[in-house]
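Trainee: Sharing input.txt here; it has compact mmCIF, C-alpha atoms.
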# COMPACT_ATOMS: atom_id res chain seq x y z
CA MET A 30 -15.49 -69.57 170.91
CA ALA A 31 -16.22 -66.41 168.90
CA GLY A 32 -13.24 -64.04 168.64
CA MET A 33 -10.69 -66.74 169.45
CA THR A 34 -7.72 -66.93 167.10
CA GLU A 35 -5.39 -69.83 166.59
CA ASP A 36 -1.79 -69.68 165.37
CA THR A 37 -1.88 -71.88 162.31
CA THR A 38 1.88 -71.67 161.79
CA PHE A 39 2.35 -74.37 164.47
CA GLY A 40 2.24 -78.02 163.52
CA PRO A 41 -0.82 -80.11 164.46
CA ALA A 42 0.80 -81.75 167.53
CA THR A 43 1.78 -78.35 168.93
CA ARG A 44 -1.66 -76.88 168.19
CA ILE A 45 -3.29 -79.70 170.18
CA VAL A 46 -1.05 -79.18 173.23
CA HIS A 47 -1.13 -75.37 173.15
CA HIS A 48 -4.67 -74.79 171.92
CA PRO A 49 -5.86 -71.36 173.12
CA TYR A 50 -9.46 -72.28 173.90
CA VAL A 51 -10.59 -71.60 177.47
CA PRO A 52 -14.15 -72.57 178.45
CA PRO A 53 -16.32 -69.74 179.76
CA ALA A 54 -16.48 -69.11 183.50
CA GLY A 55 -19.66 -69.51 185.51
CA PHE A 56 -20.29 -73.25 185.31
CA VAL A 57 -21.95 -74.37 188.56
CA ALA A 58 -23.16 -77.89 189.36
CA PRO A 59 -23.94 -79.93 192.49
CA GLN A 60 -20.53 -81.63 192.38
CA PRO A 61 -17.25 -79.69 192.26
CA GLY A 62 -14.90 -80.05 189.34
CA VAL A 63 -12.19 -82.69 189.23
CA PHE A 64 -8.77 -81.16 188.68
CA LYS A 65 -5.91 -83.53 187.90
CA ALA A 66 -2.39 -82.20 187.99
CA SER A 67 1.19 -82.89 188.77
CA THR A 68 2.42 -79.76 186.95
CA VAL A 69 0.72 -76.44 187.72
CA ILE A 70 1.23 -73.61 185.20
CA PHE A 71 2.37 -70.18 186.46
CA PRO A 72 1.71 -66.96 184.54
CA SER A 73 5.19 -65.55 185.24
CA VAL A 74 8.49 -66.18 187.00
CA ALA A 75 7.48 -63.64 189.65
CA ALA A 76 4.31 -65.60 190.36
CA MET A 77 6.28 -68.83 190.50
CA ARG A 78 8.68 -67.37 193.06
CA SER A 79 6.06 -65.69 195.20
CA ARG A 80 3.35 -68.28 195.34
CA GLU A 81 2.94 -70.03 198.73
CA TRP A 82 1.90 -73.69 198.94
CA LYS A 83 1.43 -73.92 202.72
CA ASP A 84 -1.71 -71.82 203.20
CA LYS A 85 -3.98 -72.61 200.21
CA SER A 86 -3.51 -69.11 198.83
CA GLY A 87 -2.36 -70.54 195.51
CA TYR A 88 -1.36 -73.63 193.57
CA THR A 89 2.22 -74.79 193.04
CA TYR A 90 2.28 -78.54 192.40
CA GLY A 91 -0.21 -81.37 192.39
CA LEU A 92 1.03 -82.86 195.68
CA HIS A 93 0.41 -79.54 197.43
CA GLY A 94 -3.22 -79.30 196.41
CA THR A 95 -5.73 -78.62 193.66
CA PRO A 96 -9.20 -77.04 193.78
CA THR A 97 -10.59 -80.58 194.20
CA THR A 98 -8.44 -81.57 197.17
CA PHE A 99 -8.75 -78.15 198.82
CA THR A 100 -12.53 -78.49 198.62
CA LEU A 101 -12.47 -81.96 200.16
CA GLU A 102 -10.17 -80.82 202.97
CA GLU A 103 -12.46 -77.93 203.88
CA ARG A 104 -15.58 -80.09 203.86
CA LEU A 105 -13.91 -82.66 206.11
CA CYS A 106 -12.97 -79.87 208.51
CA ALA A 107 -16.62 -78.85 208.57
CA LEU A 108 -17.62 -82.47 209.28
CA GLU A 109 -15.26 -82.95 212.23
CA GLY A 110 -15.03 -79.38 213.53
CA GLY A 111 -11.38 -78.83 212.66
CA LEU A 112 -9.65 -75.96 210.91
CA GLN A 113 -6.87 -77.62 208.90
CA CYS A 114 -6.65 -80.93 207.05
CA VAL A 115 -4.18 -82.96 205.05
CA LEU A 116 -5.18 -85.90 202.87
CA VAL A 117 -3.18 -89.12 202.67
CA PRO A 118 -3.52 -92.44 200.81
CA SER A 119 -5.06 -94.43 203.71
CA GLY A 120 -6.06 -94.33 207.36
CA LEU A 121 -2.81 -96.04 208.30
CA ALA A 122 -0.89 -93.41 206.34
CA ALA A 123 -2.64 -90.77 208.48
CA ILE A 124 -1.42 -92.50 211.63
CA ALA A 125 2.12 -92.73 210.22
CA ASN A 126 2.07 -89.09 209.12
CA VAL A 127 1.24 -87.97 212.66
CA ALA A 128 3.85 -90.22 214.27
CA LEU A 129 6.64 -89.14 211.94
CA ALA A 130 5.72 -85.47 212.31
CA LEU A 131 5.74 -85.42 216.10
CA LEU A 132 8.19 -88.09 217.29
CA GLN A 133 11.96 -88.35 217.22
CA PRO A 134 14.57 -90.72 218.67
CA GLY A 135 14.21 -90.98 222.44
CA ASP A 136 10.54 -90.00 222.44
CA GLU A 137 7.74 -92.20 223.71
CA VAL A 138 4.24 -92.80 222.35
CA LEU A 139 1.38 -94.38 224.31
CA ILE A 140 -1.07 -96.66 222.49
CA PRO A 141 -4.23 -98.32 223.86
CA ASP A 142 -3.95 -102.09 224.00
CA ASN A 143 -7.11 -102.41 221.88
CA ALA A 144 -5.81 -100.09 219.16
CA TYR A 145 -6.02 -100.71 215.44
CA GLY A 146 -3.52 -103.52 214.87
CA PRO A 147 -1.42 -101.92 212.10
CA SER A 148 -0.88 -98.89 214.36
CA LYS A 149 0.82 -101.17 216.89
CA ASP A 150 2.73 -102.85 214.07
CA LEU A 151 4.04 -99.45 212.99
CA ALA A 152 5.25 -98.81 216.54
CA ASN A 153 6.89 -102.23 216.73
CA GLY A 154 8.51 -101.80 213.33
CA GLU A 155 9.52 -98.46 211.88
CA LEU A 156 9.12 -96.38 215.05
CA ALA A 157 11.22 -98.82 217.07
CA ARG A 158 13.92 -98.76 214.38
CA PHE A 159 13.93 -94.97 214.60
CA GLY A 160 14.57 -95.14 218.35
CA ILE A 161 11.01 -94.26 219.37
CA HIS A 162 9.66 -96.25 222.31
CA HIS A 163 6.02 -97.21 222.70
CA VAL A 164 3.98 -98.32 225.71
CA LEU A 165 0.56 -99.99 225.72
CA TYR A 166 -2.00 -98.78 228.25
CA ASP A 167 -5.37 -100.03 229.50
CA PRO A 168 -8.01 -98.04 227.58
CA LEU A 169 -10.67 -98.66 230.23
CA ASP A 170 -8.54 -97.33 233.11
CA PRO A 171 -7.67 -93.62 232.91
CA ALA A 172 -5.44 -94.04 235.97
CA ASP A 173 -3.31 -96.50 234.02
CA LEU A 174 -2.91 -93.97 231.22
CA ALA A 175 -1.93 -91.27 233.71
CA ALA A 176 0.59 -93.54 235.41
CA ARG A 177 2.32 -94.41 232.12
CA ILE A 178 2.92 -90.85 230.94
CA THR A 179 6.58 -89.97 231.51
CA PRO A 180 8.77 -86.95 230.67
CA ALA A 181 9.60 -88.74 227.40
CA THR A 182 5.95 -89.10 226.34
CA ARG A 183 5.18 -86.89 223.37
CA LEU A 184 2.05 -88.46 221.92
CA VAL A 185 -0.94 -90.44 223.20
CA TRP A 186 -3.17 -92.32 220.78
CA LEU A 187 -6.86 -92.64 221.63
CA GLU A 188 -9.56 -94.84 220.09
CA ALA A 189 -13.29 -94.65 220.76
CA PRO A 190 -14.24 -97.44 220.69
CA GLY A 191 -11.29 -99.82 220.53
CA SER A 192 -10.63 -101.87 217.44
CA VAL A 193 -12.42 -105.23 217.16
CA THR A 194 -13.38 -105.56 220.86
CA MET A 195 -15.29 -102.25 220.81
CA GLU A 196 -14.60 -101.02 224.36
CA PHE A 197 -15.66 -97.38 224.68
CA PRO A 198 -13.21 -95.46 226.89
CA ASP A 199 -13.74 -92.41 229.07
CA LEU A 200 -12.49 -90.26 226.23
CA CYS A 201 -13.11 -86.98 228.01
CA GLU A 202 -11.04 -88.03 231.02
CA GLN A 203 -8.27 -89.34 228.77
CA VAL A 204 -8.09 -85.97 227.01
CA ARG A 205 -8.08 -84.14 230.36
CA ILE A 206 -5.13 -86.24 231.48
CA CYS A 207 -3.21 -85.49 228.30
CA ARG A 208 -3.99 -81.79 228.56
CA GLY A 209 -2.93 -81.70 232.19
CA ARG A 210 0.40 -83.35 231.40
CA GLY A 211 1.08 -81.27 228.30
CA VAL A 212 1.04 -84.28 225.96
CA THR A 213 -0.43 -84.23 222.45
CA SER A 214 -3.51 -86.41 222.02
CA ALA A 215 -4.43 -87.98 218.68
CA LEU A 216 -7.75 -89.74 218.17
CA ASP A 217 -8.57 -92.35 215.57
CA ASN A 218 -12.03 -90.98 214.81
CA THR A 219 -12.96 -93.39 212.02
CA TRP A 220 -15.77 -95.01 214.04
CA GLY A 221 -17.28 -91.69 215.15
CA ALA A 222 -16.86 -90.23 211.65
CA GLY A 223 -17.56 -86.71 212.93
CA LEU A 224 -21.17 -87.74 213.52
CA ALA A 225 -21.33 -89.71 216.79
CA PHE A 226 -19.50 -86.97 218.71
CA ALA A 227 -17.43 -83.86 218.03
CA PRO A 228 -13.72 -84.56 218.61
CA PHE A 229 -12.89 -80.87 218.93
CA ASP A 230 -15.81 -80.13 221.27
CA LEU A 231 -16.05 -83.09 223.63
CA ALA A 232 -17.70 -80.95 226.30
CA GLY A 233 -20.52 -80.22 223.89
CA ASP A 234 -20.72 -76.57 224.90
CA GLY A 235 -19.21 -75.04 221.78
CA SER A 236 -16.21 -73.70 223.67
CA GLY A 237 -13.64 -76.17 222.38
CA CYS A 238 -12.18 -76.23 225.88
CA LEU A 239 -12.11 -80.03 225.85
CA ALA A 240 -10.79 -81.23 222.52
CA VAL A 241 -8.38 -83.74 221.08
CA ASP A 242 -5.35 -82.17 219.44
CA ILE A 243 -5.50 -84.31 216.31
CA SER A 244 -8.23 -86.36 214.66
CA VAL A 245 -7.26 -88.98 212.08
CA HIS A 246 -9.93 -90.56 209.93
CA ALA A 247 -9.89 -93.50 207.54
CA LEU A 248 -11.97 -91.92 204.79
CA THR A 249 -11.97 -95.41 203.28
CA LYS A 250 -14.92 -96.15 205.55
CA TYR A 251 -18.01 -93.93 205.94
CA PRO A 252 -16.91 -90.80 204.01
CA SER A 253 -16.30 -92.96 200.94
CA GLY A 254 -19.16 -95.35 201.63
CA GLY A 255 -18.55 -97.51 198.60
CA GLY A 256 -15.80 -99.88 199.66
CA ASP A 257 -13.77 -98.71 196.66
CA VAL A 258 -11.55 -95.85 197.88
CA LEU A 259 -8.45 -95.82 200.07
CA MET A 260 -7.84 -92.46 201.76
CA GLY A 261 -7.17 -90.89 205.14
CA SER A 262 -7.14 -87.46 206.73
CA VAL A 263 -5.36 -85.65 209.56
CA ILE A 264 -7.40 -82.79 211.01
CA THR A 265 -6.24 -80.21 213.55
CA ARG A 266 -7.22 -76.84 215.01
CA ASP A 267 -3.83 -75.56 216.11
CA PRO A 268 -1.90 -73.88 213.24
CA ALA A 269 1.55 -74.78 214.58
CA LEU A 270 0.60 -78.43 215.03
CA HIS A 271 -0.94 -78.49 211.58
CA MET A 272 2.25 -77.11 210.06
CA LYS A 273 4.32 -79.91 211.63
CA VAL A 274 1.96 -82.44 210.08
CA LYS A 275 1.87 -80.62 206.74
CA LEU A 276 5.65 -80.30 206.41
CA THR A 277 6.11 -84.01 207.09
CA HIS A 278 3.30 -84.72 204.63
CA MET A 279 5.22 -82.72 202.01
CA ARG A 280 8.59 -84.33 202.74
CA LEU A 281 7.09 -87.81 202.51
CA GLY A 282 5.52 -86.95 199.15
CA LEU A 283 2.06 -88.07 200.19
CA GLY A 284 -0.75 -87.46 197.76
CA ILE A 285 -4.16 -88.76 196.68
CA ALA A 286 -5.74 -89.28 193.29
CA ALA A 287 -8.18 -86.67 192.01
CA ASN A 288 -10.78 -89.30 191.14
CA ASP A 289 -10.60 -90.68 194.67
CA ALA A 290 -11.19 -87.19 196.02
CA GLU A 291 -14.12 -86.90 193.63
CA ALA A 292 -15.61 -90.15 194.95
CA VAL A 293 -15.44 -88.97 198.56
CA LEU A 294 -16.83 -85.53 197.69
CA ARG A 295 -19.75 -87.20 195.93
CA ALA A 296 -20.45 -89.46 198.92
CA LEU A 297 -20.12 -86.87 201.71
CA PRO A 298 -23.60 -85.32 201.38
CA SER A 299 -25.20 -88.66 202.21
CA ILE A 300 -22.88 -89.68 205.04
CA GLY A 301 -25.36 -88.75 207.76
CA LEU A 302 -28.17 -90.76 206.18
CA ARG A 303 -25.93 -93.76 205.59
CA TYR A 304 -24.38 -93.65 209.07
CA ARG A 305 -27.82 -93.63 210.66
CA ALA A 306 -29.01 -96.53 208.48
CA HIS A 307 -25.95 -98.61 209.36
CA ASP A 308 -26.47 -97.77 213.05
CA VAL A 309 -30.15 -98.73 213.14
CA ALA A 310 -29.55 -102.05 211.37
CA ALA A 311 -26.55 -102.96 213.53
CA ARG A 312 -28.47 -102.32 216.75
CA GLN A 313 -31.30 -104.57 215.67
CA LEU A 314 -28.96 -107.40 214.75
CA ALA A 315 -26.84 -106.97 217.88
CA GLN A 316 -29.92 -107.14 220.08
CA TRP A 317 -31.12 -110.26 218.26
CA LEU A 318 -27.73 -111.92 218.65
CA GLN A 319 -27.84 -111.30 222.40
CA GLN A 320 -30.67 -113.85 222.54
CA GLN A 321 -28.85 -116.60 220.64
CA PRO A 322 -27.56 -119.54 222.71
CA ALA A 323 -24.29 -119.78 220.76
CA VAL A 324 -23.37 -116.17 221.59
CA ALA A 325 -21.68 -115.58 224.93
CA GLN A 326 -21.36 -111.80 224.58
CA VAL A 327 -22.21 -109.00 222.16
CA LEU A 328 -19.69 -106.15 222.05
CA HIS A 329 -21.51 -103.01 220.93
CA PRO A 330 -21.17 -99.75 222.90
CA VAL A 331 -24.89 -98.93 222.71
CA LEU A 332 -25.88 -102.08 224.61
CA PRO A 333 -26.23 -101.80 228.39
CA GLY A 334 -23.55 -103.94 229.97
CA ALA A 335 -21.16 -103.65 227.04
CA PRO A 336 -17.66 -102.51 228.03
CA GLY A 337 -17.71 -98.72 228.25
CA HIS A 338 -21.45 -98.34 227.56
CA ALA A 339 -21.77 -95.56 230.16
CA HIS A 340 -18.97 -93.60 228.47
CA TRP A 341 -20.66 -93.99 225.08
CA GLN A 342 -23.94 -92.83 226.62
CA ALA A 343 -22.29 -89.77 228.15
CA LEU A 344 -20.49 -88.71 224.98
CA CYS A 345 -22.78 -89.88 222.17
CA GLY A 346 -26.18 -90.35 223.81
CA ALA A 347 -27.57 -86.92 223.01
CA ALA A 348 -27.28 -87.38 219.23
CA ASN A 349 -30.20 -88.45 217.06
CA ASP A 350 -32.83 -86.90 219.33
CA GLY A 351 -31.51 -88.71 222.37
CA HIS A 352 -31.14 -92.13 220.75
CA GLY A 353 -27.39 -91.72 220.50
CA ALA A 354 -25.20 -92.41 217.50
CA ALA A 355 -22.94 -95.33 216.68
CA ALA A 356 -21.32 -96.93 213.68
CA GLY A 357 -22.75 -100.08 212.12
CA LEU A 358 -19.99 -102.20 213.60
CA PHE A 359 -20.00 -104.73 216.43
CA SER A 360 -18.44 -107.99 217.54
CA VAL A 361 -19.66 -111.12 219.26
CA MET A 362 -17.95 -113.74 221.38
CA ILE A 363 -19.06 -117.18 220.23
CA ASP A 364 -19.33 -119.42 223.27
CA ALA A 365 -16.11 -121.24 224.21
CA ARG A 366 -17.76 -124.64 223.86
CA PHE A 367 -17.57 -124.22 220.10
CA SER A 368 -14.27 -124.86 218.31
CA GLN A 369 -12.44 -122.48 216.00
CA GLN A 370 -13.38 -124.83 213.16
CA GLN A 371 -17.09 -124.44 213.98
CA VAL A 372 -16.74 -120.66 214.14
CA ASP A 373 -14.97 -120.68 210.79
CA ALA A 374 -17.75 -122.84 209.38
CA PHE A 375 -20.30 -120.31 210.66
CA CYS A 376 -18.50 -117.49 208.85
CA ASP A 377 -18.11 -119.58 205.69
CA GLY A 378 -21.82 -120.43 205.86
CA LEU A 379 -22.97 -116.83 205.68
CA ARG A 380 -24.40 -115.88 202.30
CA LEU A 381 -24.98 -112.12 202.55
CA PHE A 382 -22.20 -111.29 205.01
CA LYS A 383 -19.05 -111.56 202.93
CA LEU A 384 -15.59 -112.35 204.31
CA GLY A 385 -13.56 -109.18 203.99
CA TYR A 386 -11.68 -106.51 205.90
CA SER A 387 -12.70 -102.87 206.32
CA TRP A 388 -16.23 -101.57 206.93
CA GLY A 389 -18.58 -98.69 206.21
CA GLY A 390 -19.60 -99.80 202.73
CA PRO A 391 -22.94 -101.01 201.34
CA MET A 392 -22.14 -104.72 201.72
CA SER A 393 -22.18 -106.48 205.09
CA LEU A 394 -18.89 -108.10 206.11
CA VAL A 395 -17.69 -110.62 208.67
CA VAL A 396 -14.22 -111.48 210.03
CA PRO A 397 -13.29 -114.09 212.68
CA TYR A 398 -10.34 -113.07 214.87
CA GLN A 399 -7.84 -114.90 217.05
CA LEU A 400 -7.88 -112.43 219.89
CA ALA A 401 -5.02 -113.90 221.90
CA SER A 402 -2.55 -112.76 219.23
CA MET A 403 -3.91 -109.19 219.29
CA ARG A 404 -3.82 -108.28 222.98
CA SER A 405 -0.98 -108.11 225.50
CA ARG A 406 -3.11 -107.55 228.61
CA PRO A 407 -5.77 -109.62 230.36
CA ALA A 408 -9.31 -108.62 229.42
CA PRO A 409 -11.60 -109.78 232.25
CA HIS A 410 -14.50 -107.83 230.74
CA LEU A 411 -14.54 -110.25 227.78
CA GLN A 412 -16.29 -113.59 228.00
CA PRO A 413 -14.32 -116.69 226.96
CA GLY A 414 -14.84 -117.71 223.37
CA THR A 415 -13.98 -116.84 219.79
CA LEU A 416 -14.47 -113.28 218.53
CA VAL A 417 -16.29 -112.51 215.29
CA ARG A 418 -16.72 -108.94 214.00
CA PHE A 419 -19.62 -107.80 211.83
CA SER A 420 -19.86 -104.72 209.66
CA VAL A 421 -23.50 -104.16 208.80
CA GLY A 422 -24.13 -102.79 205.33
CA LEU A 423 -27.26 -101.41 203.69
CA GLU A 424 -29.15 -104.62 202.97
CA GLU A 425 -32.59 -105.35 204.43
CA VAL A 426 -32.20 -106.12 208.13
CA GLU A 427 -34.52 -109.13 208.05
CA ASP A 428 -32.53 -110.68 205.22
CA LEU A 429 -29.33 -110.26 207.25
CA ARG A 430 -30.98 -111.74 210.34
CA GLN A 431 -32.12 -114.80 208.40
CA ASP A 432 -28.61 -115.18 207.00
CA LEU A 433 -27.15 -115.19 210.51
CA GLU A 434 -29.77 -117.66 211.66
CA GLN A 435 -29.18 -120.19 208.90
CA ALA A 436 -25.38 -120.01 209.28
CA MET A 437 -25.65 -120.50 213.05
CA ARG A 438 -27.93 -123.46 212.61
CA GLY A 439 -25.54 -125.04 210.16
CA ALA A 440 -22.42 -124.51 212.30
CA PHE A 441 -23.73 -124.79 215.85
CA GLY A 442 -26.90 -126.84 215.50
CA ALA A 443 -29.54 -126.13 218.13
CA ALA A 444 -26.74 -124.76 220.39
Now, as a test, write the supplied structure out as structure tokens.

Mentor:
Amino acid sequence: MAGMTEDTTFGPATRIVHHPYVPPAGFVAPQPGVFKASTVIFPSVAAMRSREWKDKSGYTYGLHGTPTTFTLEERLCALEGGLQCVLVPSGLAAIANVALALLQPGDEVLIPDNAYGPSKDLANGELARFGIHHVLYDPLDPADLAARITPATRLVWLEAPGSVTMEFPDLCEQVRICRGRGVTSALDNTWGAGLAFAPFDLAGDGSGCLAVDISVHALTKYPSGGGDVLMGSVITRDPALHMKVKLTHMRLGLGIAANDAEAVLRALPSIGLRYRAHDVAARQLAQWLQQQPAVAQVLHPVLPGAPGHAHWQALCGAANDGHGAAAGLFSVMIDARFSQQQVDAFCDGLRLFKLGYSWGGPMSLVVPYQLASMRSRPAPHLQPGTLVRFSVGLEEVEDLRQDLEQAMRGAFGAA
């Protein structure tokens, strides 16, 4: 740059590290810059001592935020309707961050029986070792939730819909119960993604009078969209609650990579388009599967008769010009007359649906589950059989349908 001077008395290695060039300000592009840092440089000792890491007023260390991570946090708040956000290495890390921030020995946490499996594993493992008790409740019965809240209950986890079996609860009533009993509610909002419904405005009137206290989100899924990033978020509206989460986040040393933040920032502008495409394709395939003789039940909240369909309709039905909104995820119960080996052969026979965990990416996925090992309560709303979950990607719907058809024919014959 013109006018720039360089101290040539330094050796070449020093000149490279301490080169005085600074690029001109004013560079603007569609994507924000990617700032990578562990160390952050301060202009003076006074600045070092006065700078505050808790409120985004400045930068102190890479774990406490960079322009890249601050930007992602604010955009995620805009997506979900929150005011504060912390970023963690995975969706499960978000769940753990909340639990460790809010619970202590002697406390109790309530978890829906159809919750994300690793969340229950965390409660059975680390939380139990820390002296924190957990209780499973029936997600389809608000009265059961109310009856299980005790003076020791400090946190209630909510999922809409439940993991794998896709029951959609009366989320509004669950939140009302928690509010009425003075218990913090935390929602796993990965399925809704901030698009199917507003977790901090469940009443839909803009007042925020009916809102979850915390929304956790596996950004690994739809915000990333590529099946190549692991990340999670914890979003709140209450400053005091946020600070509890943030201080635990700091003490645990949780951080994310700048390039992962870049990937999510790049994908966020298209999340609405992708979510809608996944939704449309999944509905078509779910409706087709309802007609197949080998399928005893299709578990998708948008389908009349599916467990919790009325609750989905009430909360999500106004989106998309009245068509409602839903993720591209559903499960089926293969009829009980078929063996586990036949179901496995069906999954192995799929060509476009690949065997793999997670969802929300461009490639369609399939996973067979052994449901008996995942639930502690009877589930009379589920038909007998073997459960298979599908994540619908961005392929052509007709190609996916033909893939399902040929795999069914090979595994189940004419059914």

Trainee: If we count all atoms listed in the file and set the cut-off at 10 Å, which residues sit around A:Leu394, ignoring sequence neighbours fewer than 3 positions away in its own chain? Please answer as a list of chain:residue names.

Mentor: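 In the requested form, the answer reads A:Leu358, A:Cys376, A:Leu379, A:Leu381, A:Phe382, A:Lys383, A:Leu384, A:Gly385, A:Tyr386, A:Ser387, A:Trp388, A:Gly389, A:Gly390, A:Pro391, A:Arg418, A:Phe419, A:Ser420, A:Val421, A:Gly422.
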
Trainee: Please indicate the distance in Å from atom CA of A:Val245 to atom CA of A:Ala356, rounded to one decimal place.

Mentor: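 Between these atoms lies a distance of 16.2 Å.
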
Trainee: How many Å lie between atom CA of A:Ala66 and atom CA of A:Gly91, rounded to one decimal?

Mentor: 5.0 Å

Trainee: I need the residue nearest A:Glu102 from this list: A:Gly261, A:Pro397, A:Gly191, A:Gly351. Use all atoms listed in the file for the distance.

Mentor: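 The closest residue to A:Glu102 is A:Gly261.
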
Trainee: Could you please determine the separation between atom CA of A:Leu318 and atom CA of A:Ser360 in Å, to one decimal place?

Mentor: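 Rounded to one decimal, the two atoms are 10.1 Å apart.
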
Trainee: Of the residues A:Glu424, A:Met403, A:Val396, A:Ala269, which is the one nearest to A:Arg303, using all atoms listed in the file?

Mentor: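 Of all the options, A:Glu424 lies closest to A:Arg303.
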
Trainee: In terms of the shortest atom-to-atom distance over only C-alpha atoms, which of A:Pro322, A:Gly256, A:Lys250, A:Leu423 is closest to A:Leu302?

Mentor: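 Between A:Pro322, A:Gly256, A:Lys250, A:Leu423, the residue approaching A:Leu302 most closely is A:Leu423.
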
Trainee: Within 10 Å of A:His163, counting all atoms listed in the file, which residues qualify if same-chain residues fewer than 5 places away don't, as a PDB file with C-alpha atoms, keeping the file's coordinate frame?

Mentor:
ATOM      1  CA  ASP A 136      10.540 -90.000 222.440  1.00  0.00           C
ATOM      2  CA  GLU A 137       7.740 -92.200 223.710  1.00  0.00           C
ATOM      3  CA  VAL A 138       4.240 -92.800 222.350  1.00  0.00           C
ATOM      4  CA  LEU A 139       1.380 -94.380 224.310  1.00  0.00           C
ATOM      5  CA  ILE A 140      -1.070 -96.660 222.490  1.00  0.00           C
ATOM      6  CA  LYS A 149       0.820-101.170 216.890  1.00  0.00           C
ATOM      7  CA  ALA A 152       5.250 -98.810 216.540  1.00  0.00           C
ATOM      8  CA  ASN A 153       6.890-102.230 216.730  1.00  0.00           C
ATOM      9  CA  LEU A 156       9.120 -96.380 215.050  1.00  0.00           C
ATOM     10  CA  ALA A 157      11.220 -98.820 217.070  1.00  0.00           C
ATOM     11  CA  THR A 182       5.950 -89.100 226.340  1.00  0.00           C
ATOM     12  CA  LEU A 184       2.050 -88.460 221.920  1.00  0.00           C
ATOM     13  CA  VAL A 185      -0.940 -90.440 223.200  1.00  0.00           C
TER      14      VAL A 185
END

Trainee: Rank nothing, just name the residue among A:Tyr251, A:Gln113, A:Gln313, A:Met260 nearest to A:Gly284, using only C-alpha atoms.

Mentor: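 Of A:Tyr251, A:Gln113, A:Gln313, A:Met260, the one nearest A:Gly284, counting only C-alpha atoms, is A:Met260.
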
Trainee: Find, counting only C-alpha atoms, the residue in A:Ile285, A:Val327, A:Ala175, A:Trp220 that gets nearest to A:Lys65.

Mentor: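 Checking each candidate against A:Lys65, we get A:Ile285 as the closest.
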
Trainee: Find the residue from A:Arg78, A:Arg158, A:His48, A:Lys83 that sits nearest to A:Val274; use only C-alpha atoms when measuring.

Mentor: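 So, comparing all the options, the nearest one is A:Lys83.
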
Trainee: With all atoms listed in the file counted, which protein, DNA or RNA residues have an atom no more than 7 Å from (-12.8, -80.4, 189.7) in the file frame? Please answer as an mmCIF file with C-alpha atoms, in the coordinates of the input.

Mentor:
data_model
loop_
_atom_site.group_PDB
_atom_site.id
_atom_site.type_symbol
_atom_site.label_atom_id
_atom_site.label_comp_id
_atom_site.auth_asym_id
_atom_site.auth_seq_id
_atom_site.Cartn_x
_atom_site.Cartn_y
_atom_site.Cartn_z
ATOM 1 C CA PRO A 61 -17.250 -79.690 192.260
ATOM 2 C CA GLY A 62 -14.900 -80.050 189.340
ATOM 3 C CA VAL A 63 -12.190 -82.690 189.230
ATOM 4 C CA PHE A 64 -8.770 -81.160 188.680
ATOM 5 C CA PRO A 96 -9.200 -77.040 193.780
ATOM 6 C CA THR A 97 -10.590 -80.580 194.200
#

Trainee: For A:Arg380, please output as a compact mmCIF listing (two decimals) with C-alpha atoms, in the coordinates of the input all residues within 10 Å (counting all atoms listed in the file; exclusion window: fewer than 6 positions along the same chain).

Mentor:
# COMPACT_ATOMS: atom_id res chain seq x y z
CA LEU A 429 -29.33 -110.26 207.25
CA GLN A 431 -32.12 -114.80 208.40
CA ASP A 432 -28.61 -115.18 207.00
CA LEU A 433 -27.15 -115.19 210.51
CA GLN A 435 -29.18 -120.19 208.90
CA ALA A 436 -25.38 -120.01 209.28

Trainee: Write out as a CSV table (one decimal) with C-alpha atoms, keeping the file's coordinate frame the residues lying within 10 Å of stretch 84-90 of chain A, counting all atoms listed in the file and excluding same-chain residues fewer than 3 positions away.

Mentor:
chain,number,residue,atom,x,y,z
A,66,ALA,CA,-2.4,-82.2,188.0
A,67,SER,CA,1.2,-82.9,188.8
A,68,THR,CA,2.4,-79.8,187.0
A,69,VAL,CA,0.7,-76.4,187.7
A,70,ILE,CA,1.2,-73.6,185.2
A,71,PHE,CA,2.4,-70.2,186.5
A,76,ALA,CA,4.3,-65.6,190.4
A,77,MET,CA,6.3,-68.8,190.5
A,78,ARG,CA,8.7,-67.4,193.1
A,79,SER,CA,6.1,-65.7,195.2
A,80,ARG,CA,3.4,-68.3,195.3
A,81,GLU,CA,2.9,-70.0,198.7
A,93,HIS,CA,0.4,-79.5,197.4
A,94,GLY,CA,-3.2,-79.3,196.4
A,95,THR,CA,-5.7,-78.6,193.7
A,96,PRO,CA,-9.2,-77.0,193.8
A,99,PHE,CA,-8.8,-78.2,198.8
A,113,GLN,CA,-6.9,-77.6,208.9
A,272,MET,CA,2.2,-77.1,210.1

Trainee: Any chance you could build stretch 313-317 of chain A out to N, CA and C atoms and write it as an mmCIF file, in the coordinates of the input?

Mentor:
data_model
loop_
_atom_site.group_PDB
_atom_site.id
_atom_site.type_symbol
_atom_site.label_atom_id
_atom_site.label_comp_id
_atom_site.auth_asym_id
_atom_site.auth_seq_id
_atom_site.Cartn_x
_atom_site.Cartn_y
_atom_site.Cartn_z
ATOM 1 N N GLN A 313 -30.279 -103.517 215.719
ATOM 2 C CA GLN A 313 -31.300 -104.570 215.670
ATOM 3 C C GLN A 313 -30.662 -105.953 215.648
ATOM 4 N N LEU A 314 -29.618 -106.104 214.843
ATOM 5 C CA LEU A 314 -28.960 -107.400 214.750
ATOM 6 C C LEU A 314 -28.196 -107.730 216.031
ATOM 7 N N ALA A 315 -27.571 -106.737 216.634
ATOM 8 C CA ALA A 315 -26.840 -106.970 217.880
ATOM 9 C C ALA A 315 -27.789 -107.409 218.993
ATOM 10 N N GLN A 316 -28.946 -106.770 219.057
ATOM 11 C CA GLN A 316 -29.920 -107.140 220.080
ATOM 12 C C GLN A 316 -30.464 -108.546 219.832
ATOM 13 N N TRP A 317 -30.666 -108.920 218.572
ATOM 14 C CA TRP A 317 -31.120 -110.260 218.260
ATOM 15 C C TRP A 317 -30.061 -111.298 218.633
#
